[in-house]
file start25.txt (compact mmCIF, C-alpha atoms)
# COMPACT_ATOMS: atom_id res chain seq x y z
CA MET A 4 287.14 174.66 6.60
CA SER A 5 288.37 173.20 9.88
CA LEU A 6 289.33 174.39 13.32
CA PRO A 7 292.99 175.31 13.77
CA GLY A 8 293.62 172.66 16.39
CA PRO A 9 295.77 172.71 19.54
CA PRO A 10 297.05 175.99 20.97
CA SER A 11 300.12 177.45 19.30
CA PHE A 12 301.26 179.56 22.23
CA PRO A 13 304.07 178.44 24.55
CA ARG A 14 302.99 177.36 28.00
CA PRO A 15 304.24 179.78 30.67
CA ALA A 16 305.79 178.41 33.83
CA ALA A 17 302.99 180.02 35.84
CA ARG A 18 299.41 180.55 34.75
CA ARG A 19 298.60 184.08 33.72
CA THR A 20 295.47 185.42 35.40
CA GLY A 21 293.70 188.74 35.73
CA VAL A 22 291.91 191.04 33.31
CA ILE A 23 292.30 190.44 29.58
CA PRO A 24 294.49 193.31 28.25
CA GLY A 25 292.50 195.70 26.07
CA LEU A 26 289.10 194.28 27.05
CA ARG A 27 286.36 196.89 27.51
CA TYR A 28 284.62 196.47 30.87
CA GLN A 29 283.18 198.38 33.80
CA PRO A 30 284.25 197.89 37.43
CA ALA A 31 281.90 195.82 39.54
CA VAL A 32 280.46 196.62 42.95
CA PRO A 33 282.62 194.61 45.39
CA ALA A 34 280.95 191.45 46.67
CA ASP A 35 279.98 191.47 50.36
CA PRO A 36 281.88 188.45 51.76
CA GLU A 37 279.19 187.76 54.37
CA LYS A 38 276.50 187.60 51.69
CA VAL A 39 278.71 185.34 49.58
CA LYS A 40 279.28 182.99 52.51
CA GLU A 41 275.59 182.79 53.36
CA VAL A 42 274.43 182.25 49.78
CA ASP A 43 277.04 179.52 49.31
CA ARG A 44 275.90 177.84 52.54
CA ARG A 45 272.28 177.87 51.40
CA LEU A 46 273.13 176.61 47.93
CA GLU A 47 275.24 173.75 49.23
CA GLU A 48 272.47 172.76 51.61
CA TRP A 49 269.91 172.91 48.78
CA ALA A 50 272.10 170.85 46.46
CA ARG A 51 272.65 168.24 49.17
CA GLU A 52 268.94 168.01 50.00
CA LEU A 53 268.06 167.43 46.35
CA ASP A 54 271.02 165.09 45.75
CA LEU A 55 271.98 167.11 42.68
CA PHE A 56 275.44 165.78 41.96
CA PRO A 57 277.96 163.14 43.06
CA THR A 58 280.39 163.78 45.91
CA ALA A 59 283.21 163.81 43.35
CA TRP A 60 281.85 167.09 42.01
CA THR A 61 282.26 168.90 45.35
CA GLY A 62 285.47 170.58 44.20
CA ASP A 63 283.75 171.82 41.07
CA PHE A 64 280.94 173.26 43.18
CA SER A 65 283.22 175.22 45.49
CA GLY A 66 285.54 176.24 42.66
CA PHE A 67 282.70 177.66 40.59
CA GLN A 68 281.94 180.18 43.36
CA PHE A 69 278.18 180.35 42.77
CA GLY A 70 277.58 182.61 45.76
CA ARG A 71 280.23 185.11 44.74
CA ALA A 72 278.92 185.07 41.16
CA VAL A 73 275.36 186.07 42.04
CA VAL A 74 276.38 188.60 44.68
CA LEU A 75 278.62 190.31 42.13
CA GLN A 76 275.96 190.12 39.41
CA HIS A 77 273.09 191.42 41.53
CA PRO A 78 274.60 194.10 43.82
CA HIS A 79 271.18 195.65 44.50
CA ALA A 80 269.20 192.46 45.10
CA ALA A 81 266.25 192.99 47.40
CA ASP A 82 267.22 190.25 49.86
CA LEU A 83 269.26 187.11 50.47
CA ASP A 84 266.36 184.85 49.54
CA ARG A 85 266.32 186.27 46.01
CA LEU A 86 270.09 186.00 45.72
CA THR A 87 269.81 182.36 46.77
CA VAL A 88 267.23 181.66 44.07
CA ALA A 89 269.47 183.37 41.49
CA GLY A 90 272.21 180.99 42.62
CA GLN A 91 269.86 178.01 42.34
CA LEU A 92 268.91 178.97 38.79
CA LEU A 93 272.57 179.45 37.85
CA LEU A 94 273.51 176.12 39.40
CA ALA A 95 270.62 174.38 37.63
CA GLU A 96 271.53 175.83 34.23
CA ASN A 97 275.13 174.69 34.63
CA LEU A 98 274.03 171.25 35.80
CA VAL A 99 271.84 170.72 32.72
CA ASP A 100 274.63 171.99 30.45
CA ASP A 101 277.22 169.71 32.07
CA CYS A 102 275.10 166.56 32.39
CA TYR A 103 273.11 166.71 29.16
CA CYS A 104 275.24 168.69 26.69
CA GLU A 105 278.88 167.94 27.55
CA GLU A 106 280.39 164.65 26.42
CA ALA A 107 282.98 164.46 29.22
CA GLU A 108 283.37 160.96 30.67
CA ASP A 109 282.21 161.93 34.17
CA ARG A 110 279.12 163.81 32.95
CA GLY A 111 277.25 161.39 30.70
CA GLY A 112 275.96 163.90 28.17
CA SER A 113 275.79 163.45 24.41
CA HIS A 114 275.39 165.67 21.36
CA ARG A 115 273.42 162.89 19.72
CA GLY A 116 269.77 162.83 20.71
CA LEU A 117 270.11 165.92 22.89
CA GLY A 118 266.66 167.19 21.91
CA GLY A 119 264.89 164.64 24.12
CA PRO A 120 266.66 165.50 27.39
CA LEU A 121 266.37 169.23 26.71
CA LEU A 122 262.65 168.89 25.98
CA PHE A 123 262.11 167.40 29.42
CA ALA A 124 264.40 170.00 30.98
CA GLN A 125 262.16 172.69 29.48
CA ALA A 126 259.14 170.80 30.83
CA ALA A 127 260.61 171.07 34.33
CA ILE A 128 260.05 174.84 34.22
CA ASP A 129 257.08 174.90 31.82
CA PRO A 130 254.52 172.53 33.42
CA TYR A 131 252.52 169.97 31.53
CA HIS A 132 248.70 170.40 31.51
CA GLY A 133 246.44 167.52 30.50
CA THR A 134 244.89 164.41 31.95
CA PRO A 135 245.37 163.71 35.69
CA GLU A 136 247.30 160.54 34.84
CA ALA A 137 249.70 162.35 32.50
CA GLU A 138 250.16 165.22 34.95
CA ALA A 139 251.04 162.69 37.67
CA GLY A 140 253.56 161.11 35.31
CA TRP A 141 255.07 164.52 34.60
CA GLN A 142 255.34 165.30 38.32
CA GLN A 143 257.16 162.03 38.94
CA GLY A 144 259.32 162.36 35.83
CA MET A 145 260.58 165.79 36.81
CA GLN A 146 262.30 164.25 39.86
CA ALA A 147 264.13 161.61 37.80
CA ASP A 148 267.63 163.09 37.94
CA GLY A 149 269.64 165.98 39.37
CA PRO A 150 269.31 168.32 36.38
CA LEU A 151 265.51 167.97 36.27
CA ARG A 152 265.16 168.33 40.04
CA SER A 153 267.34 171.43 40.02
CA TYR A 154 265.29 173.09 37.26
CA TYR A 155 261.97 172.16 38.83
CA TRP A 156 262.69 173.38 42.34
CA ALA A 157 264.69 176.45 41.33
CA MET A 158 261.74 177.50 39.17
CA LYS A 159 259.39 177.01 42.12
CA GLY A 160 261.58 179.35 44.14
CA TYR A 161 261.69 181.99 41.41
CA ALA A 162 257.95 181.92 40.72
CA ALA A 163 257.30 182.48 44.43
CA PHE A 164 258.47 186.11 44.20
CA ALA A 165 258.50 186.93 40.47
CA THR A 166 255.32 188.17 38.80
CA PRO A 167 253.54 185.90 36.29
CA SER A 168 254.91 188.09 33.48
CA GLN A 169 258.48 187.81 34.79
CA THR A 170 258.07 184.06 35.19
CA THR A 171 256.83 183.66 31.60
CA ARG A 172 259.70 185.83 30.38
CA PHE A 173 262.17 183.49 32.06
CA VAL A 174 260.51 180.38 30.60
CA HIS A 175 260.80 181.84 27.10
CA ASP A 176 264.45 182.78 27.64
CA MET A 177 265.24 179.25 28.76
CA ALA A 178 263.68 177.90 25.56
CA ARG A 179 266.02 180.21 23.63
CA LEU A 180 268.95 178.84 25.63
CA HIS A 181 267.98 175.25 24.86
CA MET A 182 267.70 176.08 21.15
CA GLY A 183 271.26 177.40 21.29
CA TYR A 184 272.43 174.21 23.03
CA LEU A 185 270.87 172.16 20.23
CA ALA A 186 272.53 174.19 17.48
CA GLU A 187 275.94 173.87 19.09
CA ALA A 188 275.45 170.12 19.58
CA ALA A 189 274.37 169.65 15.95
CA TRP A 190 277.46 171.48 14.71
CA ALA A 191 279.68 169.36 16.95
CA GLU A 192 278.05 166.14 15.75
CA THR A 193 278.40 167.04 12.06
CA LYS A 194 281.83 168.73 12.48
CA TYR A 195 280.39 171.91 10.98
CA VAL A 196 282.45 175.04 11.50
CA PRO A 197 280.16 178.09 11.28
CA THR A 198 281.04 181.43 9.79
CA VAL A 199 281.68 184.19 12.32
CA TRP A 200 278.22 185.70 11.94
CA GLU A 201 276.60 182.27 12.24
CA TYR A 202 278.54 181.60 15.42
CA LEU A 203 277.57 184.96 16.92
CA VAL A 204 273.91 184.29 16.12
CA MET A 205 274.14 180.92 17.89
CA ARG A 206 275.71 182.64 20.91
CA GLN A 207 272.77 185.05 21.08
CA PHE A 208 270.68 181.98 21.93
CA ASN A 209 273.26 179.92 23.82
CA ASN A 210 274.11 182.67 26.27
CA PHE A 211 273.47 184.18 29.68
CA ARG A 212 270.17 185.83 28.82
CA PRO A 213 268.09 183.88 31.39
CA CYS A 214 270.41 185.27 34.08
CA LEU A 215 270.20 188.88 32.90
CA SER A 216 266.48 189.08 32.20
CA ILE A 217 265.68 188.42 35.88
CA VAL A 218 267.51 191.53 37.14
CA ASP A 219 264.29 193.42 37.86
CA ALA A 220 262.76 190.52 39.79
CA LEU A 221 265.96 190.13 41.82
CA ASP A 222 265.98 193.83 42.65
CA GLY A 223 262.36 193.75 43.80
CA TYR A 224 260.42 195.48 41.02
CA GLU A 225 259.06 194.73 37.56
CA LEU A 226 259.80 196.30 34.21
CA PRO A 227 256.25 195.95 32.79
CA GLU A 228 255.81 193.81 29.71
CA PRO A 229 254.86 196.74 27.42
CA LEU A 230 258.18 198.39 28.27
CA TYR A 231 260.22 195.20 28.27
CA SER A 232 258.91 194.23 24.83
CA ARG A 233 259.88 197.50 23.17
CA PRO A 234 262.43 196.81 20.38
CA GLU A 235 264.98 199.20 21.84
CA VAL A 236 264.77 197.52 25.26
CA GLN A 237 265.08 194.11 23.62
CA ARG A 238 268.12 195.39 21.76
CA ILE A 239 270.02 196.58 24.83
CA THR A 240 269.11 193.31 26.56
CA ALA A 241 270.54 191.32 23.63
CA LEU A 242 273.66 193.49 23.42
CA ALA A 243 274.35 193.06 27.14
CA CYS A 244 273.81 189.30 26.92
CA ASN A 245 276.01 188.96 23.84
CA ALA A 246 278.85 191.02 25.28
CA THR A 247 278.94 189.16 28.57
CA THR A 248 278.72 185.78 26.82
CA LEU A 249 281.75 186.62 24.68
CA VAL A 250 283.58 187.46 27.90
CA ASN A 251 283.04 183.81 28.78
CA ASP A 252 284.43 182.72 25.38
CA LEU A 253 287.58 184.76 25.94
CA TYR A 254 288.25 183.83 29.57
CA SER A 255 287.49 180.12 29.06
CA PHE A 256 289.49 179.91 25.81
CA THR A 257 292.66 178.43 27.35
CA LYS A 258 290.78 175.95 29.54
CA GLU A 259 288.74 174.73 26.58
CA LEU A 260 291.82 174.29 24.38
CA GLU A 261 293.45 172.18 27.05
CA THR A 262 290.43 169.90 27.50
CA ASP A 263 288.86 169.92 24.01
CA PRO A 264 290.91 171.51 21.19
CA GLU A 265 287.92 171.37 18.83
CA HIS A 266 285.45 173.09 21.13
CA LEU A 267 283.76 175.99 19.36
CA ASN A 268 284.49 179.46 20.71
CA LEU A 269 284.88 182.84 19.07
CA PRO A 270 288.69 182.77 18.58
CA GLN A 271 288.53 179.26 17.08
CA VAL A 272 285.81 180.30 14.63
CA VAL A 273 287.65 183.50 13.65
CA ALA A 274 290.87 181.54 13.06
CA ALA A 275 289.11 178.95 10.90
CA ASN A 276 287.32 181.56 8.78
CA GLU A 277 290.11 184.08 8.38
CA GLY A 278 292.97 181.62 8.08
CA CYS A 279 294.97 183.23 10.87
CA GLY A 280 296.67 181.94 13.98
CA LEU A 281 294.94 181.61 17.32
CA LYS A 282 296.69 184.66 18.77
CA ALA A 283 295.46 186.96 15.99
CA ALA A 284 292.01 185.37 16.21
CA TYR A 285 291.87 185.84 19.98
CA LEU A 286 292.79 189.51 19.72
CA ARG A 287 290.14 189.90 17.00
CA GLY A 288 287.68 188.30 19.42
CA VAL A 289 288.51 190.99 21.97
CA GLU A 290 287.76 193.63 19.32
CA ILE A 291 284.39 192.05 18.47
CA HIS A 292 283.47 191.96 22.15
CA ASN A 293 284.49 195.58 22.58
CA GLN A 294 282.34 196.69 19.65
CA ILE A 295 279.29 194.99 21.12
CA MET A 296 280.05 196.29 24.61
CA ALA A 297 280.42 199.86 23.33
CA SER A 298 277.07 199.61 21.55
CA PHE A 299 275.42 198.37 24.74
CA GLU A 300 276.89 201.14 26.88
CA GLU A 301 275.99 203.91 24.43
CA GLU A 302 272.47 202.71 23.63
CA ALA A 303 271.62 201.82 27.22
CA ALA A 304 272.72 205.27 28.40
CA ALA A 305 270.56 206.97 25.77
CA LEU A 306 267.56 204.78 26.59
CA ALA A 307 267.93 205.12 30.37
CA VAL A 308 266.91 208.80 30.34
CA THR A 309 263.59 208.04 28.64
CA SER A 310 262.02 206.36 31.69
CA PRO A 311 263.00 205.82 35.34
CA LEU A 312 262.02 202.15 35.12
CA VAL A 313 263.93 201.58 31.90
CA GLY A 314 266.88 203.38 33.46
CA ARG A 315 266.75 201.09 36.48
CA TYR A 316 266.56 198.03 34.26
CA ALA A 317 269.46 199.23 32.09
CA LYS A 318 271.51 199.77 35.26
CA GLY A 319 270.67 196.23 36.38
CA LEU A 320 271.91 194.85 33.06
CA SER A 321 275.12 196.87 33.36
CA ASP A 322 275.66 195.68 36.94
CA TRP A 323 275.23 192.07 35.84
CA VAL A 324 277.70 192.45 32.97
CA ALA A 325 280.26 194.12 35.27
CA GLY A 326 279.82 191.52 38.01
CA ASN A 327 280.11 188.65 35.58
CA HIS A 328 283.34 190.07 34.17
CA GLU A 329 284.76 190.45 37.68
CA TRP A 330 283.86 186.84 38.48
CA HIS A 331 285.60 185.59 35.32
CA ALA A 332 288.69 187.75 35.78
CA THR A 333 289.22 186.66 39.40
CA ASN A 334 288.13 183.00 39.33
CA THR A 335 291.60 181.48 39.08
CA HIS A 336 290.22 178.00 39.85
CA ARG A 337 288.48 177.95 36.46
CA TYR A 338 290.23 180.43 34.18
CA HIS A 339 293.67 181.59 33.07
CA LEU A 340 294.79 183.59 30.05
CA PRO A 341 296.80 182.65 26.98
CA ASN A 342 300.33 184.04 26.81
CA TYR A 343 299.49 186.52 24.03
CA TRP A 344 300.81 189.78 25.48

call {"tool": "encode", "arguments": {"input": "start25.txt", "output": "structure tokens"}}
result
Amino acid sequence: MSLPGPPSFPRPAARRTGVIPGLRYQPAVPADPEKVKEVDRRLEEWARELDLFPTAWTGDFSGFQFGRAVVLQHPHAADLDRLTVAGQLLLAENLVDDCYCEEAEDRGGSHRGLGGPLLFAQAAIDPYHGTPEAEAGWQQGMQADGPLRSYYWAMKGYAAFATPSQTTRFVHDMARLHMGYLAEAAWAETKYVPTVWEYLVMRQFNNFRPCLSIVDALDGYELPEPLYSRPEVQRITALACNATTLVNDLYSFTKELETDPEHLNLPQVVAANEGCGLKAAYLRGVEIHNQIMASFEEEAAALAVTSPLVGRYAKGLSDWVAGNHEWHATNTHRYHLPNYW
């Protein structure tokens, strides 16, 4: 079994942008432009102070629209400081992904041996405890490059307002993310094309969960661990994370085909497994997303009435999913749609 290869659709004269036809989504709370401007200013200042990336990446930084992303995703954030930290965490996660996991010439990452760099990335948010000499080495090592510095200092900012339980939750979710990165890298290195269910399982790890599971901390309260750990709460969290991650697969599909025709995404995996063209596979991907999204909406609504705190948390998840979709659908610098309709 192999990936279907380059895109089979004709290139339109102008890039098609906007909402994916037929995609199930909820409207987002409009982003306050003043908040966006201020968060972007703070993030750029932070990135410059820590020397996080080369000057050549400046266009990527502005084009990503970090400030707009977090303002859309956290419409009820308690204050600008928390929104800024959400932006720092998002920037750090993308920096590690780009510099360690991607094999693009200007990034320096590699699928081979990725476990080592990701282990130290995890150590940047999960401190080492041991001899004074080793702890001093860890402190120095965590400032070795931009990705490590970004993780280390973003985590410091988050832990300053999050509870210990929320901080530990985030550390565990980042370990899940890194496990997903490793699985994807191993498949790329061995040219393994997963089945659809295998791919979806990988995407439950390699997804946006660290961003969604901080919604209570960003909004200024805590969903207590006994509630957060309930299986039904874990399920709506996973459903929300999986739905919003597949949104990324679908909106980034065209960009990925143009830059790396063998990059794994849901339409590519569907096409390889079902022996269909990319258009049919893409539309099937929309259906799979919609099924997961419908399950999230229905189960979150039913669970929300059982507890005010769970209801608030479920609303925070829904807001994040809606804001993330809006960011994807309107970020024309990064995304455009295939000519399939």

call {"tool": "closest_residue", "arguments": {"input": "start25.txt", "among": "A:Glu300, A:Asp222, A:Asp84, A:Asp263", "to": "Ala246 of chain A", "atoms": "only C-alpha atoms"}}
result
A:Glu300

call {"tool": "residues_near_point", "arguments": {"input": "start25.txt", "point": "(260.9, 190.3, 43.2)", "cutoff": "9 Å", "atoms": "only C-alpha atoms", "output": "MDAnalysis selection string"}}
result
chainID A and resid 80:81 85 161 163:166 217 219:225

call {"tool": "residues_around", "arguments": {"input": "start25.txt", "residues": "His77 of chain A", "least_positions_apart": "5", "cutoff": "10 Å", "atoms": "only C-alpha atoms", "output": "NGL selection string"}}
result
:A and (32 or 34 or 72 or 85-86 or 89 or 215 or 217-219 or 221-222 or 319-320 or 322-327)

call {"tool": "closest_residue", "arguments": {"input": "start25.txt", "among": "A:Gly90, A:Gly25, A:Gly116, A:Pro213", "to": "Ala243 of chain A", "atoms": "only C-alpha atoms"}}
result
A:Pro213

call {"tool": "closest_residue", "arguments": {"input": "start25.txt", "among": "A:Asp100, A:Val313, A:Glu329, A:Leu122", "to": "Arg233 of chain A", "atoms": "only C-alpha atoms"}}
result
A:Val313

call {"tool": "axis_aligned_box", "arguments": {"input": "start25.txt", "around": "segment 226-229 of chain A", "padding_each_side": "3 Å", "output": "AutoDock Vina command-line options"}}
result
--center_x 257.3 --center_y 195.3 --center_z 30.8 --size_x 10.9 --size_y 8.9 --size_z 12.8

call {"tool": "closest_residue", "arguments": {"input": "start25.txt", "among": "A:Thr170, A:Gln271, A:Ser255, A:Asn97", "to": "Phe64 of chain A", "atoms": "only C-alpha atoms"}}
result
A:Asn97

call {"tool": "residues_near_point", "arguments": {"input": "start25.txt", "point": "(263.4, 204.0, 26.9)", "cutoff": "12 Å", "atoms": "only C-alpha atoms", "output": "mmCIF file with C-alpha atoms, keeping the file's coordinate frame"}}
result
data_model
loop_
_atom_site.group_PDB
_atom_site.id
_atom_site.type_symbol
_atom_site.label_atom_id
_atom_site.label_comp_id
_atom_site.auth_asym_id
_atom_site.auth_seq_id
_atom_site.Cartn_x
_atom_site.Cartn_y
_atom_site.Cartn_z
ATOM 1 C CA LEU A 226 259.800 196.300 34.210
ATOM 2 C CA PRO A 229 254.860 196.740 27.420
ATOM 3 C CA LEU A 230 258.180 198.390 28.270
ATOM 4 C CA TYR A 231 260.220 195.200 28.270
ATOM 5 C CA SER A 232 258.910 194.230 24.830
ATOM 6 C CA ARG A 233 259.880 197.500 23.170
ATOM 7 C CA PRO A 234 262.430 196.810 20.380
ATOM 8 C CA GLU A 235 264.980 199.200 21.840
ATOM 9 C CA VAL A 236 264.770 197.520 25.260
ATOM 10 C CA GLN A 237 265.080 194.110 23.620
ATOM 11 C CA ARG A 238 268.120 195.390 21.760
ATOM 12 C CA ILE A 239 270.020 196.580 24.830
ATOM 13 C CA GLU A 302 272.470 202.710 23.630
ATOM 14 C CA ALA A 303 271.620 201.820 27.220
ATOM 15 C CA ALA A 304 272.720 205.270 28.400
ATOM 16 C CA ALA A 305 270.560 206.970 25.770
ATOM 17 C CA LEU A 306 267.560 204.780 26.590
ATOM 18 C CA ALA A 307 267.930 205.120 30.370
ATOM 19 C CA VAL A 308 266.910 208.800 30.340
ATOM 20 C CA THR A 309 263.590 208.040 28.640
ATOM 21 C CA SER A 310 262.020 206.360 31.690
ATOM 22 C CA PRO A 311 263.000 205.820 35.340
ATOM 23 C CA LEU A 312 262.020 202.150 35.120
ATOM 24 C CA VAL A 313 263.930 201.580 31.900
ATOM 25 C CA GLY A 314 266.880 203.380 33.460
ATOM 26 C CA ARG A 315 266.750 201.090 36.480
ATOM 27 C CA TYR A 316 266.560 198.030 34.260
ATOM 28 C CA ALA A 317 269.460 199.230 32.090
#

call {"tool": "residues_around", "arguments": {"input": "start25.txt", "residues": "Met158 of chain A", "least_positions_apart": "4", "cutoff": "9 Å", "atoms": "all atoms listed in the file", "output": "PyMOL selection string"}}
result
chain A and resi 88+91-92+127-128+153-154+162-163+170

call {"tool": "decode", "arguments": {"input": "start25.txt", "residues": "segment 328-341 of chain A", "atoms": "N, CA and C atoms", "output": "PDB file, in the first residue's frame"}}
result
ATOM      1  N   HIS A 328     -11.339  26.672  14.228  1.00  0.00           N
ATOM      2  CA  HIS A 328     -11.870  26.565  12.867  1.00  0.00           C
ATOM      3  C   HIS A 328     -11.864  27.924  12.186  1.00  0.00           C
ATOM      4  N   GLU A 329     -12.297  28.962  12.886  1.00  0.00           N
ATOM      5  CA  GLU A 329     -12.315  30.302  12.299  1.00  0.00           C
ATOM      6  C   GLU A 329     -10.913  30.727  11.876  1.00  0.00           C
ATOM      7  N   TRP A 330      -9.937  30.444  12.705  1.00  0.00           N
ATOM      8  CA  TRP A 330      -8.551  30.804  12.380  1.00  0.00           C
ATOM      9  C   TRP A 330      -8.098  30.089  11.117  1.00  0.00           C
ATOM     10  N   HIS A 331      -8.391  28.795  11.001  1.00  0.00           N
ATOM     11  CA  HIS A 331      -8.008  28.045   9.800  1.00  0.00           C
ATOM     12  C   HIS A 331      -8.721  28.575   8.550  1.00  0.00           C
ATOM     13  N   ALA A 332     -10.018  28.809   8.681  1.00  0.00           N
ATOM     14  CA  ALA A 332     -10.821  29.186   7.516  1.00  0.00           C
ATOM     15  C   ALA A 332     -10.473  30.574   6.995  1.00  0.00           C
ATOM     16  N   THR A 333      -9.891  31.409   7.839  1.00  0.00           N
ATOM     17  CA  THR A 333      -9.630  32.803   7.438  1.00  0.00           C
ATOM     18  C   THR A 333      -8.144  33.122   7.316  1.00  0.00           C
ATOM     19  N   ASN A 334      -7.264  32.167   7.610  1.00  0.00           N
ATOM     20  CA  ASN A 334      -5.826  32.421   7.517  1.00  0.00           C
ATOM     21  C   ASN A 334      -5.350  32.110   6.102  1.00  0.00           C
ATOM     22  N   THR A 335      -5.561  33.064   5.211  1.00  0.00           N
ATOM     23  CA  THR A 335      -5.230  32.854   3.795  1.00  0.00           C
ATOM     24  C   THR A 335      -3.728  32.840   3.549  1.00  0.00           C
ATOM     25  N   HIS A 336      -2.922  33.321   4.504  1.00  0.00           N
ATOM     26  CA  HIS A 336      -1.471  33.247   4.360  1.00  0.00           C
ATOM     27  C   HIS A 336      -1.005  31.790   4.367  1.00  0.00           C
ATOM     28  N   ARG A 337      -1.685  30.951   5.164  1.00  0.00           N
ATOM     29  CA  ARG A 337      -1.247  29.567   5.330  1.00  0.00           C
ATOM     30  C   ARG A 337      -2.072  28.559   4.538  1.00  0.00           C
ATOM     31  N   TYR A 338      -3.379  28.820   4.364  1.00  0.00           N
ATOM     32  CA  TYR A 338      -4.251  27.763   3.874  1.00  0.00           C
ATOM     33  C   TYR A 338      -5.089  28.194   2.676  1.00  0.00           C
ATOM     34  N   HIS A 339      -5.304  27.252   1.753  1.00  0.00           N
ATOM     35  CA  HIS A 339      -6.297  27.411   0.704  1.00  0.00           C
ATOM     36  C   HIS A 339      -6.848  26.028   0.396  1.00  0.00           C
ATOM     37  N   LEU A 340      -7.982  25.987  -0.261  1.00  0.00           N
ATOM     38  CA  LEU A 340      -8.740  24.738  -0.430  1.00  0.00           C
ATOM     39  C   LEU A 340      -8.489  24.108  -1.796  1.00  0.00           C
ATOM     40  N   PRO A 341      -8.624  22.792  -1.865  1.00  0.00           N
ATOM     41  CA  PRO A 341      -8.561  22.126  -3.169  1.00  0.00           C
ATOM     42  C   PRO A 341      -9.788  22.484  -4.000  1.00  0.00           C
TER      43      PRO A 341
END
